[in-house]
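Student: File name upload.cif; file contents mmCIF, C-alpha atoms; full text below.
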```cif
data_data
#
loop_
_atom_site.label_atom_id
_atom_site.label_comp_id
_atom_site.auth_asym_id
_atom_site.auth_seq_id
_atom_site.Cartn_x
_atom_site.Cartn_y
_atom_site.Cartn_z
CA MET A 133 -3.13 -9.52 29.93
CA GLU A 134 -5.85 -9.78 27.38
CA SER A 135 -4.52 -6.99 25.18
CA THR A 136 -1.06 -8.61 25.04
CA GLN A 137 -2.57 -11.85 23.85
CA ALA A 138 -4.46 -10.00 21.15
CA VAL A 139 -1.20 -8.47 19.92
CA GLN A 140 0.48 -11.87 19.87
CA ARG A 141 -2.36 -13.39 17.89
CA GLU A 142 -2.11 -10.56 15.37
CA ALA A 143 1.63 -10.99 15.04
CA VAL A 144 1.33 -14.35 13.30
CA ARG A 145 -1.54 -13.39 11.03
CA THR A 146 -1.04 -14.60 7.48
CA ILE A 147 -1.87 -12.20 4.68
CA ARG A 148 -2.31 -13.29 1.08
CA PRO A 149 -0.74 -10.40 -0.86
CA ARG A 150 -2.46 -8.80 -3.83
CA LEU A 151 -1.01 -9.66 -7.20
CA ASP A 152 -1.37 -9.13 -10.94
CA LEU A 153 -0.56 -11.75 -13.55
CA TRP A 154 0.84 -10.90 -16.97
CA GLU A 155 1.80 -12.88 -20.02
CA SER A 156 4.34 -11.94 -22.64
CA GLU A 157 5.78 -13.87 -25.55
CA ARG A 158 8.53 -15.53 -23.54
CA ALA A 159 7.36 -15.50 -19.92
CA TRP A 160 4.61 -15.13 -17.38
CA GLN A 161 5.02 -12.57 -14.64
CA ALA A 162 3.44 -12.16 -11.23
CA HIS A 163 3.64 -8.70 -9.65
CA VAL A 164 3.09 -9.01 -5.91
CA ASP A 165 2.50 -6.12 -3.49
CA LEU A 166 4.56 -6.66 -0.33
CA PRO A 167 4.49 -3.28 1.44
CA GLY A 168 6.55 -3.25 4.63
CA ALA A 169 8.61 -6.35 3.80
CA ALA A 170 12.41 -6.01 3.63
CA SER A 171 14.22 -7.52 0.61
CA SER A 172 16.56 -9.55 2.81
CA ARG A 173 13.68 -11.32 4.54
CA ILE A 174 11.64 -12.32 1.50
CA GLU A 175 11.80 -16.07 0.85
CA VAL A 176 10.93 -17.44 -2.56
CA ALA A 177 10.98 -21.20 -3.05
CA PHE A 178 9.96 -23.55 -5.83
CA ASP A 179 9.17 -27.15 -5.05
CA LYS A 180 7.07 -29.81 -6.76
CA GLY A 181 5.42 -27.40 -9.13
CA GLU A 182 4.55 -24.89 -6.44
CA LEU A 183 6.02 -21.43 -6.06
CA ARG A 184 5.91 -20.12 -2.49
CA VAL A 185 6.57 -16.59 -1.25
CA ARG A 186 6.93 -15.75 2.43
CA ALA A 187 7.85 -12.42 3.95
CA PRO A 188 7.33 -10.91 7.39
CA ILE A 189 6.02 -7.35 7.66
CA GLU A 190 8.59 -5.33 9.52
CA PRO A 191 7.01 -4.14 12.78
CA LEU A 192 6.70 -0.47 13.58
CA GLU A 193 8.74 0.65 16.57
CA LEU A 194 7.09 3.52 18.38
CA PRO A 195 8.45 5.68 21.19
CA ALA A 196 6.83 5.44 24.62
CA GLY A 197 3.72 7.52 24.97
CA SER A 198 2.57 6.96 21.38
CA ARG A 199 -0.99 6.21 20.41
CA TRP A 200 -2.75 5.11 17.28
CA LEU A 201 -5.35 7.50 15.90
CA ALA A 202 -6.09 5.23 12.94
CA ARG A 203 -4.86 1.70 12.39
CA GLU A 204 -5.53 -0.15 9.15
CA ARG A 205 -2.17 -1.73 8.39
CA ARG A 206 -2.08 -5.12 10.00
CA PRO A 207 1.00 -6.77 11.44
CA GLY A 208 1.71 -10.26 10.21
CA ARG A 209 3.37 -12.16 7.43
CA TYR A 210 2.75 -12.42 3.72
CA GLU A 211 2.23 -15.84 2.28
CA LEU A 212 1.51 -16.77 -1.32
CA HIS A 213 1.31 -20.15 -3.05
CA LEU A 214 1.18 -20.39 -6.82
CA THR A 215 0.75 -23.66 -8.63
CA VAL A 216 2.86 -23.50 -11.73
CA ALA A 217 2.13 -25.44 -14.87
CA PRO A 218 4.73 -27.76 -16.42
CA LEU A 219 5.03 -25.22 -19.24
CA VAL A 220 7.22 -23.05 -17.00
CA ASP A 221 10.99 -23.42 -17.17
CA ALA A 222 11.41 -23.84 -13.42
CA SER A 223 15.20 -23.67 -13.54
CA ARG A 224 15.05 -20.08 -14.79
CA ILE A 225 12.46 -18.54 -12.45
CA GLU A 226 13.59 -15.10 -11.26
CA ALA A 227 12.50 -12.89 -8.37
CA ASP A 228 13.16 -9.14 -8.15
CA HIS A 229 12.12 -6.86 -5.32
CA LYS A 230 11.82 -3.09 -5.70
CA ASP A 231 9.81 -0.40 -3.90
CA GLY A 232 7.74 -2.97 -2.05
CA VAL A 233 6.80 -4.94 -5.18
CA LEU A 234 8.07 -8.46 -5.88
CA THR A 235 8.26 -9.42 -9.55
CA LEU A 236 8.34 -13.15 -10.27
CA THR A 237 9.35 -14.02 -13.81
CA LEU A 238 8.44 -17.51 -15.01
CA PRO A 239 10.04 -18.16 -18.41
CA LYS A 240 8.09 -20.33 -20.81
CA LEU A 241 9.52 -23.58 -22.05
CA ALA A 242 10.08 -23.57 -25.79
CA ALA A 243 7.00 -25.76 -26.16
CA ALA A 244 4.83 -23.02 -24.62
CA GLN A 245 6.06 -20.21 -26.82
CA ALA A 246 4.12 -19.15 -29.84
CA GLN A 247 5.94 -20.31 -32.93
CA ARG A 248 5.90 -19.09 -36.43
CA ILE A 249 5.66 -21.92 -38.94
CA ALA A 250 7.56 -21.36 -42.13
CA VAL A 251 5.41 -21.99 -45.17
CA ARG A 252 7.22 -23.86 -47.87
CA SER A 253 6.08 -23.81 -51.39
CA GLY A 254 5.93 -27.34 -52.61
CA PRO A 255 6.96 -28.52 -56.06
CA SER A 256 4.42 -27.52 -58.63
CA MET B 39 -12.04 27.75 -1.45
CA VAL B 40 -9.50 28.26 1.28
CA GLN B 41 -6.61 27.37 -0.97
CA SER B 42 -4.40 30.04 0.61
CA ASN B 43 -4.57 28.28 3.95
CA THR B 44 -3.31 25.08 2.44
CA ASN B 45 0.30 24.12 2.90
CA ARG B 46 1.52 22.08 -0.02
CA LEU B 47 4.16 19.85 1.41
CA PHE B 48 4.83 17.56 -1.48
CA PRO B 49 3.88 17.60 -5.12
CA ALA B 50 0.15 17.16 -5.34
CA PHE B 51 -2.28 17.03 -8.17
CA ASP B 52 -3.87 20.12 -9.63
CA HIS B 53 -7.34 18.78 -9.72
CA PHE B 54 -8.22 15.73 -7.90
CA GLN B 55 -11.47 13.87 -7.91
CA ASN B 56 -12.64 12.44 -4.67
CA SER B 57 -13.22 9.05 -6.16
CA PHE B 58 -11.75 5.61 -6.17
CA ALA B 59 -10.58 4.97 -9.67
CA THR B 60 -9.59 1.46 -8.76
CA VAL B 61 -10.76 -1.14 -11.21
CA PHE B 62 -10.80 -4.81 -10.51
CA GLY B 63 -11.54 -7.34 -13.14
CA ALA B 64 -12.09 -11.01 -12.66
CA SER B 65 -10.33 -12.05 -15.83
CA PRO B 66 -10.17 -15.73 -16.63
CA LEU B 67 -7.12 -17.42 -15.25
CA ARG B 68 -4.90 -19.51 -17.43
CA GLU B 69 -4.07 -23.00 -16.30
CA VAL B 70 -0.53 -21.85 -15.49
CA PHE B 71 -1.93 -20.18 -12.42
CA ASP B 72 -4.75 -22.55 -11.65
CA ALA B 73 -4.53 -22.62 -7.87
CA LEU B 74 -4.76 -19.07 -6.71
CA GLY B 75 -7.39 -19.61 -4.10
CA SER B 76 -9.53 -16.55 -3.55
CA VAL B 77 -7.90 -14.61 -6.37
CA GLY B 78 -10.77 -15.01 -8.77
CA GLU B 79 -13.18 -12.93 -6.75
CA ALA B 80 -13.68 -9.39 -7.95
CA ILE B 81 -13.47 -7.17 -4.90
CA GLN B 82 -14.36 -3.51 -4.83
CA ARG B 83 -12.01 -2.17 -2.22
CA VAL B 84 -12.62 1.15 -0.57
CA ASP B 85 -9.83 0.80 1.98
CA TRP B 86 -7.01 1.68 -0.33
CA PRO B 87 -4.41 2.75 0.50
CA ARG B 88 -4.22 1.39 4.02
CA ALA B 89 -2.86 3.88 6.53
CA ASP B 90 -1.89 4.28 10.17
CA LEU B 91 -2.03 7.64 11.91
CA ILE B 92 0.11 7.77 15.03
CA GLU B 93 0.63 10.46 17.64
CA THR B 94 4.00 10.38 19.40
CA PRO B 95 5.02 12.81 22.16
CA ASP B 96 6.44 15.32 19.65
CA ALA B 97 5.02 14.51 16.23
CA VAL B 98 2.21 12.98 14.21
CA TRP B 99 3.15 10.18 11.81
CA LEU B 100 1.25 8.94 8.80
CA GLU B 101 2.26 5.47 7.57
CA VAL B 102 0.79 4.34 4.26
CA ASP B 103 1.16 1.14 2.24
CA LEU B 104 2.14 2.38 -1.22
CA PRO B 105 4.09 -0.35 -3.03
CA GLY B 106 5.37 0.64 -6.44
CA VAL B 107 4.52 4.32 -5.99
CA ALA B 108 7.06 7.11 -6.55
CA LEU B 109 7.30 10.02 -4.12
CA ALA B 110 6.53 12.35 -7.03
CA ASP B 111 3.09 10.75 -7.26
CA VAL B 112 2.26 11.40 -3.61
CA GLY B 113 0.76 14.63 -2.29
CA VAL B 114 0.38 15.54 1.37
CA GLU B 115 -1.43 18.69 2.42
CA VAL B 116 -2.20 20.12 5.83
CA GLU B 117 -5.04 22.54 6.27
CA ARG B 118 -5.63 23.57 9.87
CA GLU B 119 -6.12 20.24 11.63
CA GLU B 120 -6.82 18.13 8.59
CA LEU B 121 -4.27 16.05 6.74
CA ARG B 122 -4.99 15.15 3.13
CA LEU B 123 -3.18 12.45 1.22
CA THR B 124 -3.38 12.19 -2.56
CA VAL B 125 -1.87 9.30 -4.49
CA GLU B 126 -1.67 8.25 -8.07
CA ARG B 127 -0.63 4.69 -8.67
CA ARG B 128 0.29 3.42 -12.13
CA VAL B 129 1.08 -0.25 -12.49
CA ASP B 130 2.78 -2.02 -15.35
CA GLU B 131 0.93 -0.90 -18.42
CA ASP B 132 3.57 -2.47 -20.66
CA ALA B 133 4.03 -5.89 -19.11
CA GLY B 134 2.29 -7.77 -21.89
CA LYS B 135 -1.19 -9.19 -21.69
CA ALA B 136 -3.03 -8.95 -18.36
CA LEU B 137 -4.34 -12.33 -17.20
CA HIS B 138 -5.51 -11.19 -13.80
CA ARG B 139 -5.44 -7.90 -11.93
CA GLU B 140 -6.23 -7.16 -8.32
CA ARG B 141 -3.64 -4.57 -7.29
CA PRO B 142 -5.32 -1.21 -6.81
CA ARG B 143 -4.41 1.55 -9.21
CA GLY B 144 -5.52 5.01 -10.18
CA LYS B 145 -5.96 8.19 -8.18
CA VAL B 146 -7.23 8.38 -4.66
CA THR B 147 -7.48 10.95 -1.91
CA ARG B 148 -7.94 10.41 1.79
CA ALA B 149 -8.34 12.85 4.68
CA PHE B 150 -7.41 12.41 8.34
CA ALA B 151 -8.23 14.55 11.35
CA LEU B 152 -5.10 15.66 13.16
CA PRO B 153 -5.14 15.61 16.97
CA CYS B 154 -3.34 18.96 17.22
CA VAL B 155 -1.77 21.78 15.25
CA VAL B 156 1.35 20.66 13.38
CA ASP B 157 4.29 22.58 11.98
CA ALA B 158 3.68 21.80 8.32
CA SER B 159 6.79 23.68 7.16
CA SER B 160 9.00 21.16 9.01
CA ALA B 161 7.28 18.06 7.66
CA SER B 162 9.28 15.29 6.04
CA ALA B 163 8.43 12.21 4.01
CA ASP B 164 10.15 9.18 2.56
CA LEU B 165 9.30 5.84 1.02
CA GLU B 166 10.83 2.60 2.22
CA ASN B 167 9.91 -0.92 1.08
CA GLY B 168 6.69 0.42 -0.37
CA VAL B 169 5.63 2.21 2.81
CA LEU B 170 5.28 6.00 2.94
CA HIS B 171 6.38 7.63 6.20
CA VAL B 172 5.23 11.22 6.77
CA ARG B 173 6.38 13.02 9.89
CA LEU B 174 4.58 16.17 11.00
CA PRO B 175 6.22 17.81 14.05
CA LYS B 176 3.77 19.19 16.54
CA SER B 177 3.57 22.95 16.55
CA LYS B 178 5.36 24.43 19.57
CA GLN B 179 2.37 26.62 20.32
CA SER B 180 0.14 23.61 20.51
CA ALA B 181 2.46 21.39 22.54
CA ALA B 182 1.95 22.22 26.20
CA ARG B 183 -0.25 25.18 26.80
CA SER B 184 -1.19 26.45 30.19
CA ILE B 185 -4.70 27.77 30.49
CA PRO B 186 -4.99 30.84 32.70
CA VAL B 187 -7.39 30.29 35.59
CA ARG B 188 -9.67 33.19 36.27
CA GLY B 189 -11.70 33.74 39.36
CA LYS B 190 -14.93 34.41 37.54
CA VAL B 191 -16.18 31.68 35.26
CA GLU B 192 -17.70 32.78 31.99
CA SER B 193 -20.63 30.67 31.04
CA PRO B 194 -23.93 31.10 29.28
CA ALA B 195 -25.53 31.17 32.72
CA ASN B 196 -23.42 34.19 33.74
CA GLU B 197 -24.30 35.94 30.51
CA THR B 198 -28.01 35.71 31.15
CA THR B 199 -27.72 37.01 34.69
CA GLN B 200 -25.62 39.96 33.52
CA ALA B 201 -28.04 40.77 30.71
#
```
When written as C-alpha coordinates, how does the structure in this file appear?
Tutor:
Amino acid sequence: MESTQAVQREAVRTIRPRLDLWESERAWQAHVDLPGAASSRIEVAFDKGELRVRAPIEPLELPAGSRWLARERRPGRYELHLTVAPLVDASRIEADHKDGVLTLTLPKLAAAQAQRIAVRSGPS
Amino acid sequence: MVQSNTNRLFPAFDHFQNSFATVFGASPLREVFDALGSVGEAIQRVDWPRADLIETPDAVWLEVDLPGVALADVGVEVEREELRLTVERRVDEDAGKALHRERPRGKVTRAFALPCVVDASSASADLENGVLHVRLPKSKQSAARSIPVRGKVESPANETTQA
(Lines of atoms letter the chains of each structure in order from A and count residues from 1; the text may use other names and numbers.)
(Lines give C-alpha, C1' and ligand atoms only; values in the text may rest on other atoms or scores of the structure.)
Protein backbone atom coordinates (compact mmCIF):
# COMPACT_ATOMS: atom_id res chain seq x y z
CA MET A 1 0.00 0.00 0.00
CA GLU A 2 1.10 3.48 -0.78
CA SER A 3 0.59 4.79 2.75
CA THR A 4 2.70 1.97 4.21
CA GLN A 5 5.56 2.85 1.90
CA ALA A 6 5.32 6.47 2.96
CA VAL A 7 5.64 5.43 6.61
CA GLN A 8 8.67 3.27 5.82
CA ARG A 9 10.36 6.11 3.98
CA GLU A 10 9.76 8.39 6.94
CA ALA A 11 11.15 5.85 9.37
CA VAL A 12 14.70 6.20 8.07
CA ARG A 13 14.66 9.97 7.76
CA THR A 14 17.83 11.56 9.06
CA ILE A 15 17.48 14.66 11.20
CA ARG A 16 20.38 16.98 11.97
CA PRO A 17 19.68 17.98 15.60
CA ARG A 18 19.85 21.59 16.75
CA LEU A 19 22.86 22.50 18.82
CA ASP A 20 24.61 25.32 20.64
CA LEU A 21 28.38 25.68 20.92
CA TRP A 22 30.09 27.15 23.95
CA GLU A 23 33.66 27.87 24.90
CA SER A 24 35.10 28.06 28.38
CA GLU A 25 38.65 28.36 29.62
CA ARG A 26 39.35 24.64 29.58
CA ALA A 27 36.89 23.13 27.11
CA TRP A 28 34.45 23.52 24.27
CA GLN A 29 30.94 22.22 24.72
CA ALA A 30 28.21 21.24 22.28
CA HIS A 31 24.66 21.10 23.65
CA VAL A 32 22.54 18.97 21.35
CA ASP A 33 18.73 18.68 21.45
CA LEU A 34 17.72 15.02 21.05
CA PRO A 35 14.06 14.92 22.09
CA GLY A 36 12.60 11.42 22.00
CA ALA A 37 15.94 9.59 22.00
CA ALA A 38 16.66 7.13 24.83
CA SER A 39 20.05 7.37 26.61
CA SER A 40 20.83 3.70 26.00
CA ARG A 41 20.48 4.08 22.23
CA ILE A 42 22.60 7.19 21.71
CA GLU A 43 25.90 6.39 19.99
CA VAL A 44 28.79 8.81 20.24
CA ALA A 45 31.98 7.98 18.35
CA PHE A 46 35.21 9.80 17.63
CA ASP A 47 37.32 8.79 14.67
CA LYS A 48 39.90 10.59 12.55
CA GLY A 49 39.09 13.99 13.93
CA GLU A 50 35.35 13.60 13.51
CA LEU A 51 32.82 13.35 16.30
CA ARG A 52 29.65 11.50 15.29
CA VAL A 53 26.35 11.28 17.16
CA ARG A 54 23.59 8.89 16.15
CA ALA A 55 20.33 8.24 17.96
CA PRO A 56 16.99 6.82 16.85
CA ILE A 57 13.80 8.62 17.87
CA GLU A 58 11.73 6.20 19.89
CA PRO A 59 8.50 5.55 17.96
CA LEU A 60 5.14 6.33 19.47
CA GLU A 61 2.96 3.30 20.08
CA LEU A 62 -0.71 4.13 19.75
CA PRO A 63 -3.74 2.00 20.58
CA ALA A 64 -5.98 0.84 17.74
CA GLY A 65 -8.50 3.41 16.67
CA SER A 66 -6.19 6.38 17.26
CA ARG A 67 -5.86 9.29 14.90
CA TRP A 68 -3.54 12.23 14.56
CA LEU A 69 -5.14 15.66 14.82
CA ALA A 70 -1.80 17.42 14.42
CA ARG A 71 1.52 15.87 13.50
CA GLU A 72 4.73 17.89 13.51
CA ARG A 73 7.16 15.56 15.23
CA ARG A 74 8.82 13.45 12.59
CA PRO A 75 9.93 9.87 13.04
CA GLY A 76 13.51 9.14 12.11
CA ARG A 77 17.01 9.21 13.45
CA TYR A 78 19.29 11.98 14.64
CA GLU A 79 22.66 12.26 13.01
CA LEU A 80 25.36 14.82 13.69
CA HIS A 81 28.94 15.09 12.44
CA LEU A 82 31.36 17.55 13.98
CA THR A 83 34.85 18.05 12.68
CA VAL A 84 37.07 18.62 15.66
CA ALA A 85 40.28 20.60 15.54
CA PRO A 86 43.58 19.09 16.69
CA LEU A 87 43.40 21.46 19.67
CA VAL A 88 40.90 19.10 21.33
CA ASP A 89 42.15 16.46 23.74
CA ALA A 90 40.32 13.61 22.01
CA SER A 91 41.13 11.08 24.72
CA ARG A 92 39.09 13.05 27.25
CA ILE A 93 35.92 13.81 25.29
CA GLU A 94 32.83 13.25 27.45
CA ALA A 95 29.15 12.80 26.62
CA ASP A 96 26.30 13.30 29.10
CA HIS A 97 22.61 12.88 28.37
CA LYS A 98 19.89 14.44 30.50
CA ASP A 99 16.28 15.49 29.83
CA GLY A 100 16.67 14.99 26.10
CA VAL A 101 19.83 17.09 25.82
CA LEU A 102 23.25 15.62 24.99
CA THR A 103 26.22 17.58 26.30
CA LEU A 104 29.53 16.88 24.57
CA THR A 105 32.56 18.21 26.41
CA LEU A 106 35.74 18.60 24.38
CA PRO A 107 38.64 19.48 26.68
CA LYS A 108 41.30 21.76 25.25
CA LEU A 109 44.86 20.60 24.95
CA ALA A 110 47.22 22.63 27.09
CA ALA A 111 48.41 24.39 23.94
CA ALA A 112 44.88 25.73 23.32
CA GLN A 113 44.34 27.11 26.79
CA ALA A 114 44.89 30.75 27.51
CA GLN A 115 48.05 31.13 29.53
CA ARG A 116 49.20 33.78 31.85
CA ILE A 117 52.82 34.73 31.25
CA ALA A 118 54.74 35.63 34.35
CA VAL A 119 56.55 38.93 33.98
CA ARG A 120 60.02 38.85 35.40
CA SER A 121 61.83 41.94 36.31
CA GLY A 122 65.24 41.80 34.77
CA PRO A 123 68.45 42.96 36.41
CA SER A 124 68.64 46.70 36.48
CA MET B 1 -11.79 37.56 30.04
CA VAL B 2 -13.24 34.15 30.75
CA GLN B 3 -10.55 33.32 33.25
CA SER B 4 -13.03 31.54 35.52
CA ASN B 5 -13.73 28.97 32.83
CA THR B 6 -10.07 28.12 32.56
CA ASN B 7 -8.78 25.00 34.23
CA ARG B 8 -5.18 25.43 35.26
CA LEU B 9 -3.73 21.99 35.09
CA PHE B 10 -0.09 22.72 35.59
CA PRO B 11 1.85 25.75 36.68
CA ALA B 12 1.46 28.39 34.03
CA PHE B 13 2.69 31.89 33.65
CA ASP B 14 0.83 34.87 35.04
CA HIS B 15 1.11 36.96 31.98
CA PHE B 16 2.16 35.51 28.79
CA GLN B 17 2.84 37.24 25.54
CA ASN B 18 1.72 35.55 22.41
CA SER B 19 5.09 35.92 20.79
CA PHE B 20 8.06 33.89 19.83
CA ALA B 21 10.92 35.13 21.89
CA THR B 22 13.30 32.82 20.12
CA VAL B 23 16.49 34.46 19.01
CA PHE B 24 18.87 32.95 16.56
CA GLY B 25 22.21 34.43 15.85
CA ALA B 26 24.61 33.43 13.16
CA SER B 27 27.72 33.94 15.24
CA PRO B 28 31.06 33.25 13.62
CA LEU B 29 32.22 29.71 14.07
CA ARG B 30 35.64 28.95 15.39
CA GLU B 31 37.83 26.60 13.42
CA VAL B 32 37.29 23.93 16.09
CA PHE B 33 33.84 23.42 14.65
CA ASP B 34 34.54 24.20 11.04
CA ALA B 35 32.38 21.58 9.36
CA LEU B 36 28.91 22.04 10.70
CA GLY B 37 27.15 22.04 7.38
CA SER B 38 23.99 24.09 7.44
CA VAL B 39 24.56 25.34 10.97
CA GLY B 40 25.65 28.80 9.94
CA GLU B 41 22.29 29.80 8.56
CA ALA B 42 20.18 31.97 10.80
CA ILE B 43 16.70 30.50 10.77
CA GLN B 44 13.64 32.16 12.23
CA ARG B 45 11.60 29.22 13.35
CA VAL B 46 7.93 29.55 14.06
CA ASP B 47 7.30 25.84 14.54
CA TRP B 48 8.66 25.61 18.02
CA PRO B 49 7.95 23.56 19.99
CA ARG B 50 6.92 20.75 17.68
CA ALA B 51 3.83 18.91 18.84
CA ASP B 52 1.56 15.99 18.01
CA LEU B 53 -2.09 15.95 19.02
CA ILE B 54 -3.57 12.46 19.06
CA GLU B 55 -7.07 11.20 19.71
CA THR B 56 -7.30 7.67 21.11
CA PRO B 57 -10.58 5.88 21.89
CA ASP B 58 -10.67 7.25 25.45
CA ALA B 59 -8.32 10.22 25.64
CA VAL B 60 -6.58 13.05 23.84
CA TRP B 61 -2.78 13.12 24.00
CA LEU B 62 -0.47 16.04 23.43
CA GLU B 63 3.16 15.10 22.70
CA VAL B 64 5.67 17.95 22.63
CA ASP B 65 9.42 18.04 22.00
CA LEU B 66 10.78 19.96 25.00
CA PRO B 67 14.40 18.96 25.61
CA GLY B 68 15.98 20.56 28.63
CA VAL B 69 12.70 21.95 29.95
CA ALA B 70 11.48 21.34 33.51
CA LEU B 71 7.85 20.46 34.20
CA ALA B 72 7.63 23.58 36.37
CA ASP B 73 8.20 25.67 33.25
CA VAL B 74 5.32 24.08 31.35
CA GLY B 75 1.71 25.24 31.57
CA VAL B 76 -1.27 23.41 30.10
CA GLU B 77 -4.73 24.93 30.19
CA VAL B 78 -8.05 23.68 28.88
CA GLU B 79 -10.83 26.11 28.15
CA ARG B 80 -13.91 24.49 26.64
CA GLU B 81 -12.52 22.72 23.58
CA GLU B 82 -9.24 24.56 23.34
CA LEU B 83 -5.96 23.35 24.74
CA ARG B 84 -3.27 25.92 25.44
CA LEU B 85 0.37 25.09 26.02
CA THR B 86 2.79 27.60 27.51
CA VAL B 87 6.51 26.94 27.79
CA GLU B 88 9.50 28.81 29.01
CA ARG B 89 12.83 27.41 27.96
CA ARG B 90 16.09 28.63 29.48
CA VAL B 91 19.30 27.23 28.09
CA ASP B 92 22.77 27.37 29.56
CA GLU B 93 23.32 30.98 30.40
CA ASP B 94 26.47 30.11 32.34
CA ALA B 95 28.27 27.77 29.96
CA GLY B 96 30.98 30.25 29.03
CA LYS B 97 31.15 32.14 25.78
CA ALA B 98 28.54 31.35 23.12
CA LEU B 99 30.13 30.52 19.76
CA HIS B 100 26.95 29.48 18.03
CA ARG B 101 23.32 29.19 19.07
CA GLU B 102 20.41 27.63 17.26
CA ARG B 103 18.41 25.90 20.00
CA PRO B 104 15.15 27.77 20.56
CA ARG B 105 14.69 29.50 23.88
CA GLY B 106 12.36 31.92 25.56
CA LYS B 107 8.63 31.88 26.13
CA VAL B 108 6.08 30.55 23.73
CA THR B 109 2.40 29.71 23.74
CA ARG B 110 0.49 27.46 21.38
CA ALA B 111 -3.21 26.60 21.14
CA PHE B 112 -4.84 23.45 19.80
CA ALA B 113 -8.48 22.70 19.04
CA LEU B 114 -9.70 19.66 20.93
CA PRO B 115 -11.95 17.21 19.09
CA CYS B 116 -14.25 16.76 22.09
CA VAL B 117 -14.87 17.77 25.69
CA VAL B 118 -12.17 16.46 28.02
CA ASP B 119 -12.12 15.87 31.76
CA ALA B 120 -9.48 18.44 32.62
CA SER B 121 -9.50 17.56 36.33
CA SER B 122 -8.17 14.06 35.52
CA ALA B 123 -5.38 15.23 33.22
CA SER B 124 -1.83 14.05 33.76
CA ALA B 125 1.56 15.06 32.38
CA ASP B 126 5.14 13.89 32.49
CA LEU B 127 8.43 14.50 30.74
CA GLU B 128 10.55 11.70 29.35
CA ASN B 129 13.72 12.04 27.26
CA GLY B 130 12.82 15.64 26.54
CA VAL B 131 9.29 14.85 25.35
CA LEU B 132 6.22 16.13 27.21
CA HIS B 133 3.28 13.73 27.36
CA VAL B 134 -0.07 15.23 28.36
CA ARG B 135 -3.07 12.93 28.70
CA LEU B 136 -6.55 14.40 28.76
CA PRO B 137 -9.26 11.76 29.36
CA LYS B 138 -12.38 12.27 27.33
CA SER B 139 -15.32 13.53 29.34
CA LYS B 140 -17.84 10.75 29.96
CA GLN B 141 -20.67 13.01 28.85
CA SER B 142 -18.99 13.56 25.54
CA ALA B 143 -17.97 9.97 24.88
CA ALA B 144 -20.91 8.20 23.29
CA ARG B 145 -24.05 10.23 23.22
CA SER B 146 -27.28 9.07 21.71
CA ILE B 147 -29.27 11.74 19.96
CA PRO B 148 -33.02 11.42 20.48
CA VAL B 149 -34.88 11.07 17.19
CA ARG B 150 -38.04 13.09 16.99
CA GLY B 151 -40.78 12.68 14.48
CA LYS B 152 -40.95 16.32 13.55
CA VAL B 153 -37.78 17.87 12.22
CA GLU B 154 -37.01 21.38 13.37
CA SER B 155 -35.50 23.43 10.63
CA PRO B 156 -35.54 27.01 9.49
CA ALA B 157 -38.02 25.94 6.83
CA ASN B 158 -40.46 24.69 9.50
CA GLU B 159 -40.07 27.91 11.43
CA THR B 160 -41.13 30.03 8.49
CA THR B 161 -44.19 27.92 7.76
CA GLN B 162 -45.26 28.07 11.42
CA ALA B 163 -44.75 31.83 11.57
Student: Could you check how far CA of Leu137 in chain B sits from CA of Asp152 in chain A, in Å to one decimal?
Tutor: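 One can read the CA of Leu137 in chain B to CA of Asp152 in chain A distance as 7.6 Å.
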Student: Return the single residue from A:Arg173, A:Tyr210, A:Lys230, A:Thr215 that is closest to Val169 in chain B, with distances computed using all atoms listed in the file.
Tutor: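 So, comparing all the options, the nearest one is A:Lys230.
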Student: Given only C-alpha atoms, how would the per-residue table for chain B near chain A read, listing every residue at most 7 Å away with its closest atom pair and distance in Å to one decimal, sorted by chain and number, as a tab-separated table?
Tutor:
```
residue	atom	partner	partner_atom	distance
B:Glu69	CA	A:Ala217	CA	6.8
B:Val70	CA	A:Ala217	CA	4.5
B:Phe71	CA	A:Thr215	CA	5.8
B:Asp72	CA	A:Thr215	CA	6.4
B:Ala73	CA	A:Thr215	CA	5.4
B:Leu74	CA	A:Leu214	CA	6.1
B:Arg88	CA	A:Glu204	CA	5.5
B:Ala89	CA	A:Glu204	CA	5.5
B:Asp90	CA	A:Arg203	CA	4.5
B:Leu91	CA	A:Ala202	CA	4.8
B:Ile92	CA	A:Trp200	CA	4.5
B:Glu93	CA	A:Arg199	CA	5.3
B:Thr94	CA	A:Ser198	CA	4.2
B:Pro95	CA	A:Gly197	CA	6.1
B:Asp103	CA	A:Pro167	CA	5.6
B:Leu104	CA	A:Pro167	CA	6.7
B:Pro105	CA	A:Gly232	CA	4.6
B:Gly106	CA	A:Asp231	CA	5.2
B:Ala133	CA	A:Trp154	CA	6.3
B:Gly134	CA	A:Ser156	CA	4.7
B:Lys135	CA	A:Glu155	CA	5.0
B:Ala136	CA	A:Trp154	CA	4.6
B:Leu137	CA	A:Leu153	CA	5.3
B:His138	CA	A:Leu153	CA	5.0
B:Arg139	CA	A:Asp152	CA	4.4
B:Glu140	CA	A:Asp152	CA	5.9
B:Arg141	CA	A:Arg150	CA	5.6
B:Glu166	CA	A:Asp231	CA	6.9
B:Asn167	CA	A:Gly232	CA	4.3
B:Gly168	CA	A:Gly232	CA	3.9
B:Val169	CA	A:Pro167	CA	5.8
```
Student: Could you jot down the CA of Pro188 in chain A to CA of Gly208 in chain A separation for me, Å, one decimal place?
Tutor: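 These atoms are spaced 6.3 Å apart.
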Student: Every residue with an atom at most 6 Å from (13.7, -16.4, -6.0) (file coordinates; all atoms listed in the file) is what I'm after, so could you write them as a ChimeraX atom specification?
Tutor: /A:176,226-227
Student: Return the single residue from B:Leu123, B:Val112, B:Val187, B:Val172 that is closest to Phe150 in chain B, with distances computed using all atoms listed in the file.
Tutor: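 Comparing B:Leu123, B:Val112, B:Val187, B:Val172 against Phe150 in chain B, the winner is B:Leu123.
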Student: Using only C-alpha atoms, which protein or nucleic acid residues come within 9 Å of Ala108 in chain B? Drop anything in the same chain fewer than 6 positions from it, and give the result as a PyMOL selection string.
Tutor: (chain A and resi 231) or (chain B and resi 126-127+165)
Student: Would you work out the distance separating CA of Trp99 in chain B from CA of Arg173 in chain B, expressed in Å to one decimal?
Tutor: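 Separating CA of Trp99 in chain B from CA of Arg173 in chain B is a distance of 4.7 Å.
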Student: Which polymer residues, protein or nucleic acid, are no farther than 8 Å from (0.7, 2.6, -12.4), counting only C-alpha atoms, as a list in words?
Tutor: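 Counting only C-alpha atoms, I find these residues within 8 Å of (0.7, 2.6, -12.4): Gly106, Val107, Glu126, Arg127, Arg128, Val129, Asp130, Glu131, Arg143 and Gly144 of chain B.
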Student: Give me, as a ChimeraX atom specification, all polymer residues having an atom no more than 6 Å from range 154-157 of chain B, counting all atoms listed in the file and skipping those fewer than 4 positions away in the same chain.
Tutor: /B:119,175-177,180
